[in-house]
Every structure is written in structure tokens, then in C-alpha cells.
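The structure appears below as C-alpha cells.
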Amino acid sequence: MSPASFTPEQDLHFVLCDFGRSGQAYVETDPSQADASTIVRNLLDGQFNRPLRVLALNVEEGWVRDVSQVIAAKVREVAPAGGTRADRRDPRFH
């Protein structure tokens, strides 16, 4: 198995989704695709079902933060005028 190709000082983002009766879980994400811009793009594309929260972490700096509001604001900012799949997601994330 080859090591993940990402910059250690890069913030990694994880999306907590609600899977109904199956419960909640953080969606598996390739570290090279865990940056904020890719998460926003994936939310706009409907890649996450019922997102509840987005956490950012930086191992190098030793912190974890809830960035749900920041990511949700960015999604609303860049969403096309006609709406997106993300508009139909869980209202707690919006």
C-alpha cells in the first residue's frame, strides 16, 4: 500500500452524515480529496447524503474544529442561482 499523497500541514475535512436507521457516520474520504474546496464541490454535487457537520483537523498543528457553518456559507456562496442538490439536504447543516 502506497502512502497517501497529501501535504501534512493541510487541513483535512470530514463530513458527518445521517444514514437514517443505520445511524450517523463520518464519510470515508481520500486524504488528497479532503480539502475545504473539494468538500464544498462534493456537497454541491450531492456526494454526501444528509450532511450534519463538517470537522476540520490539522494533525501537524494538533487541532480539530467544527467548520460546518463556514463550509455551509461557502456552499451557499458558490451555489448556482437555480439551486443545487445541496439545497435539499438536512436543514441543520444549512
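Just so we're on the same page: first chain in the C-alpha cells is A, next is B, and so on; residues restart at 1 for each chain, and ligands are numbered from 1 in the order they show up.
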
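Secondary structure of stretch 13-92 of chain A, alpha helix (DSSP H) only (DSSP, backbone atoms): Ala36, Ser37, Thr38, Ile39, Val40, Arg41, Asn42, Leu43, Leu44, Ser68, Gln69, Val70, Ile71, Ala72, Ala73, Lys74, Val75, Arg76, Glu77 and Val78 of chain A.
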
Dump as an mmCIF file, in the first residue's frame, selection limited to C-alpha atoms:
data_model
loop_
_atom_site.group_PDB
_atom_site.id
_atom_site.type_symbol
_atom_site.label_atom_id
_atom_site.label_comp_id
_atom_site.auth_asym_id
_atom_site.auth_seq_id
_atom_site.Cartn_x
_atom_site.Cartn_y
_atom_site.Cartn_z
ATOM 1 C CA ALA A 36 -12.287 22.520 2.014
ATOM 2 C CA SER A 37 -12.721 23.337 -1.691
ATOM 3 C CA THR A 38 -13.237 19.691 -2.643
ATOM 4 C CA ILE A 39 -15.690 19.176 0.229
ATOM 5 C CA VAL A 40 -17.709 22.205 -0.941
ATOM 6 C CA ARG A 41 -17.673 20.924 -4.523
ATOM 7 C CA ASN A 42 -18.753 17.448 -3.376
ATOM 8 C CA LEU A 43 -21.589 18.926 -1.318
ATOM 9 C CA LEU A 44 -22.763 20.890 -4.350
ATOM 10 C CA SER A 68 -19.916 23.368 9.470
ATOM 11 C CA GLN A 69 -21.070 26.978 9.350
ATOM 12 C CA VAL A 70 -18.054 28.090 7.317
ATOM 13 C CA ILE A 71 -18.491 25.276 4.776
ATOM 14 C CA ALA A 72 -22.282 25.798 4.600
ATOM 15 C CA ALA A 73 -21.749 29.513 3.939
ATOM 16 C CA LYS A 74 -19.282 28.703 1.159
ATOM 17 C CA VAL A 75 -21.754 26.230 -0.383
ATOM 18 C CA ARG A 76 -24.459 28.920 -0.387
ATOM 19 C CA GLU A 77 -21.996 31.467 -1.798
ATOM 20 C CA VAL A 78 -20.906 29.368 -4.774
#

Taking a cut-off of 6 Å and counting only C-alpha atoms, can you build a table that, for each residue of stretch 6-44 of chain A near stretch 52-66 of chain A, reports the nearest atom pair and how far apart they are in Å (one decimal), sorted by chain then residue number, as a tab-separated table?
residue	atom	partner	partner_atom	distance
A:Glu9	CA	A:Glu60	CA	5.6
A:Asp11	CA	A:Asn58	CA	4.8
A:Leu12	CA	A:Leu57	CA	5.3
A:His13	CA	A:Ala56	CA	4.3
A:Phe14	CA	A:Leu55	CA	5.3
A:Val15	CA	A:Val54	CA	4.5
A:Leu16	CA	A:Arg53	CA	5.1
A:Cys17	CA	A:Leu52	CA	5.4

Find the residue from A:Asp45, A:Pro51, A:Val67, A:Tyr26 that sits nearest to A:Pro80; use only C-alpha atoms when measuring.
A:Asp45

Atomic distance atom CA of A:Gln47 - atom CA of A:Val27, expressed in Å with one decimal
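So the two atoms, atom CA of A:Gln47 and atom CA of A:Val27, lie 10.0 Å apart.
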
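Proximity to A:Asn49 was assessed for A:Asp30, A:Gln10, A:Ala79, A:Asp18 counting only C-alpha atoms; the smallest distance is recorded for A:Asp18.
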